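So this one's target_0.csv, CSV, C-alpha atoms:
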chain,number,residue,atom,x,y,z
V,7,MET,CA,184.2,32.6,1.8
V,8,ALA,CA,185.3,31.1,-1.5
V,9,ILE,CA,184.6,27.4,-2.0
V,10,THR,CA,186.3,25.5,-4.8
V,11,ASN,CA,184.1,23.4,-7.1
V,12,ALA,CA,186.5,20.7,-7.8
V,13,PRO,CA,186.5,18.1,-5.1
V,14,LYS,CA,189.6,16.2,-4.0
V,15,ALA,CA,189.9,12.5,-4.1
V,16,ALA,CA,187.2,10.8,-2.0
V,17,PRO,CA,188.5,9.5,1.4
V,18,THR,CA,188.5,5.8,2.2
V,19,GLY,CA,186.6,4.4,5.2
V,20,ALA,CA,184.1,6.4,7.3
V,21,VAL,CA,183.6,10.0,6.0
V,22,GLY,CA,183.7,12.7,8.6
V,23,ILE,CA,183.5,16.5,8.8
V,24,LYS,CA,187.3,16.9,8.3
V,25,ASP,CA,187.0,15.0,5.0
V,26,ILE,CA,184.3,17.2,3.7
V,27,ALA,CA,186.2,20.3,4.8
V,28,ARG,CA,189.3,19.1,3.1
V,29,ALA,CA,187.5,18.3,-0.2
V,30,LEU,CA,186.0,21.8,-0.3
V,31,GLY,CA,188.9,23.7,1.1
V,32,VAL,CA,186.9,25.3,3.9
V,33,SER,CA,187.1,25.1,7.7
V,34,THR,CA,185.6,22.3,9.7
V,35,GLY,CA,183.5,25.0,11.5
V,36,THR,CA,181.8,25.9,8.2
V,37,VAL,CA,181.0,22.3,7.5
V,38,ASP,CA,179.7,21.7,11.0
V,39,ARG,CA,177.4,24.7,10.8
V,40,ALA,CA,176.1,23.5,7.4
V,41,LEU,CA,175.5,19.9,8.5
V,42,HIS,CA,173.8,20.8,11.7
V,43,ALA,CA,171.8,23.7,10.5
V,44,LYS,CA,173.5,26.2,12.8
V,45,PRO,CA,173.3,29.9,12.4
V,46,GLY,CA,176.0,31.9,10.7
V,47,ILE,CA,176.0,30.2,7.3
V,48,ASN,CA,174.0,31.1,4.3
V,49,PRO,CA,171.9,28.6,2.3
V,50,ALA,CA,174.1,28.7,-0.8
V,51,THR,CA,177.1,27.6,1.2
V,52,ARG,CA,175.2,25.1,3.1
V,53,SER,CA,173.9,23.7,-0.2
V,54,ARG,CA,177.4,23.2,-1.5
V,55,VAL,CA,178.5,21.5,1.7
V,56,LEU,CA,175.5,19.1,1.7
V,57,ARG,CA,176.2,18.2,-2.0
V,58,MET,CA,179.8,17.4,-1.2
V,59,ALA,CA,178.7,15.4,1.9
V,60,GLU,CA,176.3,13.4,-0.2
V,61,SER,CA,178.9,12.8,-3.0
V,62,LEU,CA,181.4,11.5,-0.4
V,63,GLY,CA,178.9,9.2,1.3
V,64,TYR,CA,178.3,11.2,4.5
V,65,ARG,CA,174.9,10.3,5.8
V,66,PRO,CA,174.0,12.0,9.1
V,67,ASN,CA,170.5,11.4,10.5
V,68,LEU,CA,169.6,15.0,10.8
V,69,ALA,CA,165.9,14.3,10.7
V,70,ALA,CA,166.0,12.2,13.9
V,71,ARG,CA,168.2,14.8,15.6
V,72,TYR,CA,165.8,17.6,14.6
V,73,LEU,CA,162.7,15.7,15.8
V,74,LYS,CA,164.4,14.7,19.0
V,75,SER,CA,165.0,18.3,19.8
V,76,LYS,CA,161.2,18.9,19.6
V,77,LYS,CA,161.7,22.0,17.5
V,78,THR,CA,159.0,23.3,15.2
V,79,VAL,CA,159.8,24.2,11.7
V,80,ARG,CA,158.1,27.5,10.7
V,81,VAL,CA,157.6,28.2,7.1
V,82,SER,CA,156.2,31.5,5.8
V,83,VAL,CA,154.4,31.4,2.5
V,84,HIS,CA,153.8,34.7,0.5
V,85,LEU,CA,151.5,34.4,-2.5
V,86,PRO,CA,149.2,36.9,-4.3
V,87,HIS,CA,145.5,36.9,-3.7
V,88,GLU,CA,144.8,37.5,-7.4
V,89,ILE,CA,144.2,35.5,-9.4
V,90,ALA,CA,142.7,33.2,-6.8
V,91,LEU,CA,141.8,30.5,-9.3
V,92,PHE,CA,145.5,29.8,-9.8
V,93,TRP,CA,147.1,30.8,-6.4
V,94,ASP,CA,144.5,29.0,-4.3
V,95,SER,CA,145.3,25.7,-6.0
V,96,LEU,CA,149.0,26.3,-5.3
V,97,ARG,CA,148.2,27.0,-1.6
V,98,GLU,CA,146.3,23.7,-1.6
V,99,GLY,CA,149.3,21.9,-2.8
V,100,ILE,CA,151.4,23.4,0.0
V,101,ARG,CA,148.8,22.4,2.6
V,102,GLU,CA,148.7,18.8,1.3
V,103,ALA,CA,152.5,18.5,1.3
V,104,ALA,CA,152.7,19.9,4.8
V,105,ALA,CA,150.0,17.7,6.4
V,106,PRO,CA,152.3,14.6,6.9
V,107,PHE,CA,154.8,16.6,8.8
V,108,ALA,CA,152.5,17.9,11.5
V,109,PRO,CA,152.8,18.8,14.3
V,110,THR,CA,156.5,19.6,13.8
V,111,LEU,CA,155.8,21.9,10.8
V,112,HIS,CA,153.9,25.1,11.0
V,113,VAL,CA,153.0,26.9,7.8
V,114,GLU,CA,151.8,30.5,7.8
V,115,PHE,CA,150.2,32.0,4.7
V,116,ARG,CA,150.5,35.7,4.0
V,117,ASP,CA,148.7,37.3,1.1
V,118,TYR,CA,149.2,40.4,-0.9
V,119,PRO,CA,147.1,41.8,-3.8
V,120,ARG,CA,149.0,41.0,-7.0
V,121,LEU,CA,152.5,39.9,-8.1
V,122,GLY,CA,154.9,42.7,-7.2
V,123,GLU,CA,152.4,44.6,-5.0
V,124,GLY,CA,153.3,44.2,-1.3
V,125,ASP,CA,155.6,41.1,-1.4
V,126,VAL,CA,158.6,43.1,-0.2
V,127,GLU,CA,156.9,44.3,2.9
V,128,LEU,CA,155.7,40.8,3.8
V,129,PHE,CA,159.2,39.4,3.3
V,130,GLU,CA,160.6,42.1,5.6
V,131,GLN,CA,157.9,41.3,8.2
V,132,ALA,CA,158.5,37.6,8.1
V,133,LEU,CA,162.2,38.1,8.8
V,134,ARG,CA,161.3,40.3,11.8
V,135,ASP,CA,158.8,37.9,13.2
V,136,GLY,CA,161.1,34.9,12.8
V,137,THR,CA,160.8,32.0,10.4
V,138,ASN,CA,162.9,29.0,9.3
V,139,GLY,CA,162.2,29.2,5.6
V,140,LEU,CA,160.1,31.1,3.0
V,141,ILE,CA,158.2,30.2,-0.1
V,142,VAL,CA,157.6,33.3,-2.3
V,143,ALA,CA,156.5,34.2,-5.8
V,144,PRO,CA,158.9,37.0,-6.8
V,145,GLY,CA,156.9,39.6,-8.6
V,146,ASN,CA,159.7,42.1,-8.5
V,147,PRO,CA,163.0,40.2,-8.2
V,148,VAL,CA,165.1,43.4,-8.2
V,149,ALA,CA,163.3,44.7,-5.1
V,150,LEU,CA,163.4,41.3,-3.4
V,151,LYS,CA,167.1,40.6,-4.1
V,152,PRO,CA,168.5,42.4,-1.0
V,153,TRP,CA,165.9,40.7,1.2
V,154,ILE,CA,166.7,37.3,-0.1
V,155,ARG,CA,170.4,38.1,0.6
V,156,LYS,CA,169.5,39.1,4.1
V,157,ALA,CA,167.6,35.9,4.6
V,158,ALA,CA,170.6,33.9,3.4
V,159,GLN,CA,172.9,35.8,5.8
V,160,GLN,CA,170.5,34.7,8.6
V,161,GLY,CA,170.5,31.1,7.4
V,162,ILE,CA,166.9,31.2,6.2
V,163,PRO,CA,166.4,29.4,2.8
V,164,VAL,CA,164.0,30.8,0.3
V,165,ALA,CA,162.2,28.7,-2.3
V,166,CYS,CA,160.7,30.6,-5.3
V,167,VAL,CA,157.5,29.3,-6.9
V,168,VAL,CA,156.0,30.0,-10.4
V,169,THR,CA,158.4,32.8,-11.1
V,170,ASP,CA,162.1,33.1,-10.2
V,171,ALA,CA,164.5,35.6,-8.7
V,172,PRO,CA,167.7,34.9,-10.7
V,173,ASP,CA,171.1,35.9,-9.5
V,174,THR,CA,170.1,35.7,-5.9
V,175,GLU,CA,170.9,33.3,-3.0
V,176,ARG,CA,167.5,31.6,-3.2
V,177,LEU,CA,167.6,27.8,-2.5
V,178,THR,CA,165.5,26.6,-5.4
V,179,THR,CA,162.7,27.6,-7.8
V,180,VAL,CA,159.7,25.5,-8.7
V,181,SER,CA,157.8,26.4,-11.9
V,182,ALA,CA,156.3,25.0,-15.1
V,183,ASP,CA,159.3,26.6,-16.9
V,184,PRO,CA,157.7,29.7,-18.3
V,185,PHE,CA,159.9,29.6,-21.4
V,186,THR,CA,158.5,26.2,-22.3
V,187,VAL,CA,154.9,27.2,-21.6
V,188,GLY,CA,155.3,30.1,-24.0
V,189,ALA,CA,157.1,27.9,-26.5
V,190,VAL,CA,154.3,25.4,-26.5
V,191,ALA,CA,151.7,28.1,-27.1
V,192,GLY,CA,153.8,29.5,-30.0
V,193,GLU,CA,154.3,26.1,-31.5
V,194,LEU,CA,150.5,25.3,-31.3
V,195,LEU,CA,149.7,28.6,-33.1
V,196,GLY,CA,152.4,27.8,-35.7
V,197,ARG,CA,150.6,24.5,-36.4
V,198,TYR,CA,147.1,26.0,-36.4
V,199,LEU,CA,148.0,28.9,-38.7
V,200,PRO,CA,150.0,29.3,-41.9
V,201,GLY,CA,151.0,32.8,-40.8
V,202,GLY,CA,149.6,36.2,-40.2
V,203,THR,CA,149.3,38.7,-37.2
V,204,VAL,CA,149.2,37.1,-33.8
V,205,ALA,CA,149.0,38.7,-30.3
V,206,PHE,CA,150.4,38.0,-26.8
V,207,VAL,CA,148.3,39.2,-23.8
V,208,THR,CA,150.1,39.1,-20.5
V,209,GLY,CA,150.1,40.5,-17.0
V,210,SER,CA,153.3,42.6,-16.8
V,211,LEU,CA,156.6,42.0,-18.6
V,212,GLY,CA,158.4,43.2,-15.5
V,213,ILE,CA,157.6,39.8,-14.0
V,214,GLN,CA,160.1,37.2,-15.1
V,215,ASP,CA,157.5,34.5,-15.5
V,216,HIS,CA,155.6,36.6,-18.1
V,217,ALA,CA,158.8,37.8,-19.8
V,218,GLU,CA,160.1,34.3,-20.2
V,219,LYS,CA,156.8,33.1,-21.7
V,220,LEU,CA,157.0,35.9,-24.3
V,221,ARG,CA,160.6,34.8,-25.1
V,222,GLY,CA,159.5,31.2,-25.6
V,223,PHE,CA,156.5,32.3,-27.6
V,224,GLU,CA,158.6,34.4,-30.0
V,225,SER,CA,161.2,31.6,-30.3
V,226,SER,CA,158.6,29.0,-31.5
V,227,LEU,CA,157.1,31.5,-34.0
V,228,THR,CA,160.6,32.2,-35.4
V,229,GLU,CA,161.4,28.4,-35.7
V,230,SER,CA,158.1,27.8,-37.5
V,231,GLN,CA,159.6,29.7,-40.5
V,232,ARG,CA,156.1,31.0,-41.4
V,233,PRO,CA,155.2,34.7,-42.1
V,234,PHE,CA,154.1,35.6,-38.6
V,235,HIS,CA,153.9,39.2,-37.3
V,236,LEU,CA,153.6,39.8,-33.5
V,237,ALA,CA,151.4,42.7,-32.6
V,238,PRO,CA,152.5,45.0,-29.8
V,239,VAL,CA,152.3,43.0,-26.5
V,240,VAL,CA,149.2,43.7,-24.4
V,241,GLU,CA,150.1,44.1,-20.7
V,242,ALA,CA,146.8,43.9,-18.7
V,243,HIS,CA,148.4,43.7,-15.3
V,244,ASP,CA,145.9,40.9,-14.3
V,245,ASP,CA,143.1,43.4,-14.0
V,246,VAL,CA,139.7,42.4,-15.4
V,247,LYS,CA,138.6,45.8,-16.6
V,248,GLU,CA,142.0,46.7,-18.1
V,249,GLY,CA,142.3,43.3,-19.8
V,250,HIS,CA,138.9,43.7,-21.4
V,251,ARG,CA,139.6,47.3,-22.5
V,252,ARG,CA,143.1,46.7,-23.9
V,253,THR,CA,141.8,43.6,-25.8
V,254,LEU,CA,139.1,45.7,-27.5
V,255,ASP,CA,141.8,48.2,-28.4
V,256,LEU,CA,144.0,45.4,-29.9
V,257,LEU,CA,141.1,44.1,-32.0
V,258,LYS,CA,140.3,47.5,-33.4
V,259,ALA,CA,144.0,48.1,-34.2
V,260,HIS,CA,144.4,44.7,-35.9
V,261,PRO,CA,141.2,43.7,-37.8
V,262,GLY,CA,143.1,40.9,-39.5
V,263,LEU,CA,144.3,39.3,-36.2
V,264,LYS,CA,144.6,35.5,-36.7
V,265,GLY,CA,145.8,34.2,-33.4
V,266,LEU,CA,146.1,35.2,-29.7
V,267,TYR,CA,147.7,33.7,-26.6
V,268,VAL,CA,146.8,34.8,-23.1
V,269,SER,CA,149.8,34.0,-20.9
V,270,THR,CA,148.0,34.4,-17.6
V,271,VAL,CA,145.0,32.7,-16.0
V,272,ASN,CA,143.1,36.0,-16.3
V,273,SER,CA,141.8,35.0,-19.8
V,274,LEU,CA,138.0,35.6,-19.4
V,275,PRO,CA,138.1,39.4,-20.0
V,276,VAL,CA,140.0,38.7,-23.2
V,277,LEU,CA,137.5,36.0,-24.3
V,278,ARG,CA,134.6,38.3,-23.6
V,279,ALA,CA,136.1,41.1,-25.6
V,280,LEU,CA,136.6,38.7,-28.6
V,281,GLU,CA,133.0,37.5,-28.2
V,282,GLN,CA,131.7,41.1,-28.0
V,283,GLN,CA,133.4,41.9,-31.2
V,284,ARG,CA,132.3,38.6,-32.9
V,285,ARG,CA,135.9,37.7,-33.6
V,286,LEU,CA,136.1,34.2,-32.0
V,287,LYS,CA,135.4,32.5,-35.3
V,288,ASP,CA,138.3,34.3,-37.0
V,289,VAL,CA,140.9,34.1,-34.2
V,290,VAL,CA,142.6,31.0,-32.9
V,291,VAL,CA,142.7,31.5,-29.1
V,292,LEU,CA,145.1,29.8,-26.7
V,293,THR,CA,144.9,30.3,-22.9
V,294,THR,CA,146.8,29.4,-19.8
V,295,ASP,CA,145.7,27.0,-17.0
V,296,LEU,CA,142.3,25.4,-16.4
V,297,PHE,CA,139.5,26.5,-14.2
V,298,PRO,CA,135.7,25.9,-14.2
V,299,GLU,CA,134.7,29.0,-16.1
V,300,LEU,CA,137.1,28.2,-18.9
V,301,VAL,CA,135.6,24.7,-19.5
V,302,PRO,CA,132.6,25.7,-21.7
V,303,TRP,CA,134.9,27.8,-23.9
V,304,ILE,CA,137.1,24.8,-24.6
V,305,ARG,CA,134.1,22.4,-25.1
V,306,SER,CA,132.6,24.7,-27.7
V,307,GLY,CA,135.9,25.1,-29.5
V,308,LYS,CA,136.1,28.8,-28.9
V,309,VAL,CA,139.4,28.2,-27.1
V,310,ALA,CA,141.6,25.8,-29.1
V,311,ALA,CA,143.8,24.8,-26.2
V,312,THR,CA,145.0,25.8,-22.8
V,313,VAL,CA,148.5,25.2,-21.3
V,314,TYR,CA,148.0,23.9,-17.8
V,315,GLN,CA,150.9,24.8,-15.4
V,316,ARG,CA,149.9,22.3,-12.6
V,317,PRO,CA,149.9,24.7,-9.7
V,318,LEU,CA,148.9,22.0,-7.2
V,319,ASN,CA,152.1,20.1,-8.0
V,320,GLN,CA,154.2,23.3,-7.9
V,321,GLY,CA,152.9,23.9,-4.3
V,322,ARG,CA,153.7,20.4,-3.2
V,323,LEU,CA,157.2,20.4,-4.6
V,324,ALA,CA,158.1,23.8,-3.1
V,325,LEU,CA,157.0,22.8,0.4
V,326,GLN,CA,158.6,19.4,0.2
V,327,SER,CA,162.0,20.7,-1.1
V,328,LEU,CA,162.2,23.4,1.6
V,329,TYR,CA,161.1,21.1,4.5
V,330,HIS,CA,163.6,18.3,3.6
V,331,PHE,CA,166.4,20.8,3.2
V,332,LEU,CA,165.7,22.2,6.7
V,333,VAL,CA,165.2,18.9,8.4
V,334,ASP,CA,167.2,16.2,6.8
V,335,GLY,CA,169.7,18.2,4.8
V,336,THR,CA,168.5,17.0,1.4
V,337,CYS,CA,169.5,19.7,-1.1
V,338,PRO,CA,167.1,20.3,-4.0
V,339,PRO,CA,168.3,21.1,-7.5
V,340,PRO,CA,168.5,24.8,-8.2
V,341,GLN,CA,165.5,24.5,-10.5
V,342,LEU,CA,162.5,22.1,-10.2
V,343,LYS,CA,160.5,22.1,-13.4
V,344,VAL,CA,156.9,20.8,-13.6
V,345,VAL,CA,156.0,19.6,-17.1
V,346,PRO,CA,153.0,21.6,-18.4
V,347,HIS,CA,150.0,19.8,-19.9
V,348,VAL,CA,148.2,20.9,-23.1
V,349,VAL,CA,144.4,20.6,-22.6
V,350,MET,CA,142.2,20.5,-25.7
V,351,ARG,CA,138.6,19.5,-26.3
V,352,SER,CA,139.8,15.9,-27.1
V,353,ASN,CA,141.3,15.3,-23.6
V,354,LEU,CA,139.3,17.9,-21.6
V,355,GLU,CA,137.0,15.4,-19.9
V,356,LEU,CA,139.9,13.1,-18.9
V,357,MET,CA,141.7,16.1,-17.4
V,358,LEU,CA,138.6,17.2,-15.5
V,359,GLU,CA,138.2,13.7,-14.1
V,360,LYS,CA,141.8,13.8,-12.9
V,361,LEU,CA,141.5,17.3,-11.4
V,362,SER,CA,138.4,16.3,-9.5
V,363,PHE,CA,140.6,13.9,-7.6
V,364,ASP,CA,144.0,15.7,-7.6
V,365,ALA,CA,143.0,19.3,-7.5
V,366,PRO,CA,139.7,19.8,-5.6
V,367,ARG,CA,140.5,23.5,-5.1
V,368,VAL,CA,140.5,24.1,-8.8
V,369,SER,CA,137.3,22.2,-9.4
V,370,ARG,CA,135.5,24.0,-6.7
V,371,ALA,CA,136.8,27.5,-7.4
V,372,PRO,CA,134.0,30.1,-7.0
V,373,ALA,CA,132.6,31.8,-10.1
V,374,ALA,CA,132.7,35.1,-8.3
V,375,VAL,CA,136.5,35.2,-8.7
V,376,LEU,CA,136.1,36.4,-12.3
V,377,PRO,CA,132.6,37.8,-12.5
V,378,PRO,CA,130.9,38.5,-15.8
V,379,ALA,CA,130.1,42.0,-14.7
V,380,PRO,CA,132.8,44.7,-14.8
V,381,ALA,CA,135.2,44.4,-11.9
V,382,PRO,CA,135.3,47.1,-9.1
V,383,ALA,CA,137.9,49.8,-9.2
V,384,ARG,CA,141.5,48.6,-8.8
V,385,ARG,CA,143.1,48.7,-5.4
V,386,LYS,CA,145.7,51.4,-4.9
V,387,THR,CA,149.1,49.8,-5.6
V,388,THR,CA,152.0,50.0,-3.3
V,389,ALA,CA,155.2,51.8,-4.4
V,390,ARG,CA,157.5,49.5,-6.3
V,391,THR,CA,161.3,49.4,-6.1
V,392,GLY,CA,162.9,49.2,-9.5
V,393,ALA,CA,161.2,50.1,-12.7
V,394,ALA,CA,159.4,47.2,-14.3
V,395,ALA,CA,160.7,46.5,-17.8
V,396,LYS,CA,158.2,47.5,-20.4
V,397,THR,CA,158.9,46.1,-23.8
V,398,THR,CA,157.0,45.8,-27.0
V,399,SER,CA,158.2,43.0,-29.3
V,400,ARG,CA,157.7,42.6,-32.9
V,401,ILE,CA,158.8,39.8,-35.2
V,402,ALA,CA,158.2,39.5,-38.9
V,403,HIS,CA,159.1,36.5,-41.0
V,404,ARG,CA,158.8,36.9,-44.7
V,405,ARG,CA,159.9,33.4,-45.7
V,406,GLY,CA,157.3,31.2,-47.0
Translate the structure of the given file into structure tokens.
Amino acid sequence: MAITNAPKAAPTGAVGIKDIARALGVSTGTVDRALHAKPGINPATRSRVLRMAESLGYRPNLAARYLKSKKTVRVSVHLPHEIALFWDSLREGIREAAAPFAPTLHVEFRDYPRLGEGDVELFEQALRDGTNGLIVAPGNPVALKPWIRKAAQQGIPVACVVTDAPDTERLTTVSADPFTVGAVAGELLGRYLPGGTVAFVTGSLGIQDHAEKLRGFESSLTESQRPFHLAPVVEAHDDVKEGHRRTLDLLKAHPGLKGLYVSTVNSLPVLRALEQQRRLKDVVVLTTDLFPELVPWIRSGKVAATVYQRPLNQGRLALQSLYHFLVDGTCPPPQLKVVPHVVMRSNLELMLEKLSFDAPRVSRAPAAVLPPAPAPARRKTTARTGAAAKTTSRIAHRRG
């Protein structure tokens, strides 16, 4: 059903359902279903109705009505198991945000191996089992798109976290804005180095989060107007052994490498490869996020800086935005962006002090998550729908 974007003049006096319907050019039945969270309306339409209701001054007490009905809100959360250092902190944020709404809120966590490996099957299962809302990290947005559409048709809102599923009917996305994260890393390297060959190590460019970080990284290098050359992108697929091996190959192919940015939390295999080849003194290294095993690398100056994506805050925002949309009709913005933090040796201790209070899951993460010994053989991956985009980017700036 088409809904016009231009509202008509605001009515005078008390605002009712007819006023909202008239302003949007839709039926009163559509507005009633949207305001009262009834079936038969997708989240995108409901979102527009709620925005118009708010702009006209319509303030129903949906929260009290929902609690009076003694219904339980069920939210299904689908996140990867690896890399646990990051995703466990995000889960902790969801748990913290959900605690004040107990017992009317039930959160079920469902895990799959890595981004893009098994998330579609879990999404399908959640729709079969029944849920009021979903929080997902889209590893393969193309494969998830029809399922997000199906959820919308059933009136089930979907909140994306960390990475997005663009051009879908998802309710909102919560992230550290991957383009900005990559741009910050690129700008830092541009300030550390006068130019030269730099490298970008990521998980998979088929994941929007990683692809956007690369785009931001390249953008900052270009704007620096220094003679940088980007080596072929290393896709390690968040696998310890593969990350170590591919980094060794990179170092052998580029003996003059000056800078390197690891765009995922899986940075230890890359650092160990640099250390093994005795290249840490020659290469400026930037990483992503902050976890206990990375701390000594920053303290010693072997890692110049890390861009912390604040997963705990992302988890909190995702749960809160979804819950309030379901219960009191508050519509979140299409994108909720968490400002990333740059952590260096100078502010490391202050950040650790803050995390010990705000992010206990990060500070207590077990060392066994990324062991120093070679990782066991990779799990067999599930079949993927839609080919992941594989790109190798190069930029060369010859201006002084």
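With all atoms listed in the file as the atoms that count, the minimum distance from Asp25 (chain V) to the choices V:Val55, V:Leu266, V:Leu236, V:Leu150 is reached by V:Val55.
CA of Arg176 (chain V) sits 27.2 Å away from CA of Lys24 (chain V).
If you count all atoms listed in the file and ignore residues fewer than 5 places along the chain from Thr110 (chain V), what sits within 7 Å of it is Lys77, Thr78 and Val79 of chain V.
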| Between CA of Pro339 (chain V) and CA of Ser82 (chain V), what is the distance, to one decimal in Å? |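 So the answer is 20.8 Å.
Straight-line separation from CA of His235 (chain V) to CA of Leu263 (chain V): 9.7 Å.
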| query | Can you list, as a PyMOL selection string, every protein, DNA or RNA residue that comes within 12 Å of Pro106 (chain V) when you count all atoms listed in the file, leaving out same-chain residues fewer than 5 positions away? | reply | chain V and resi 100-101+111-112+322+325-326+329
Closest contacts (region 22-58 of chain V/region 158-170 of chain V, max 6 Å, only C-alpha atoms) as a Markdown table:
| residue | atom | partner | partner_atom | distance |
| --- | --- | --- | --- | --- |
| V:Pro45 | CA | V:Gly161 | CA | 5.9 |
| V:Ile47 | CA | V:Gly161 | CA | 5.6 |
| V:Asn48 | CA | V:Ala158 | CA | 4.5 |
| V:Pro49 | CA | V:Ala158 | CA | 5.6 |
| Contacts of Phe206 (chain V) at 8 Å or less, counting only C-alpha atoms, minus same-chain residues fewer than 4 places along, as number ranges by chain? | V: 220, 236-240, 266-269
| query | Which residue gives the smallest distance to Pro340 (chain V) among V:Thr186, V:Thr253, V:Gln315, V:Thr174, with all atoms listed in the file counted? | reply | V:Thr174
| query | Which residues come within 10 Å of region 275-291 of chain V, counting all atoms listed in the file, excluding same-chain residues fewer than 6 positions away, as a PyMOL selection string? | reply | chain V and resi 191+194-195+198-199+204-205+207+242+244-258+261-268+300+303-304+307-312+376-381
| field | Spatial neighbours of Ala217 (chain V), max dist 9 Å, only C-alpha atoms, sep filter under 6 positions, as a ChimeraX atom specification | value | /V:184-185,208,210-211
| Hey, which of V:Val180, V:Leu296, V:Ile213, V:Met357 ends up closest to Val345 (chain V)? Count all atoms listed in the file. | V:Val180
| message | I need the residue nearest Ile141 (chain V) from this list: V:Gly196, V:Pro86, V:Gly188, V:Pro298. Use all atoms listed in the file for the distance. | response |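 Looking only at the distances to Ile141 (chain V), the closest residue turns out to be V:Pro86.
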| Looking at V:Thr203, V:Asn319, V:Gln341, V:Ser181, which one is nearest to Leu227 (chain V), with distances taken over all atoms listed in the file? |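 Looking at the shortest contact to Leu227 (chain V), the residue is V:Thr203.
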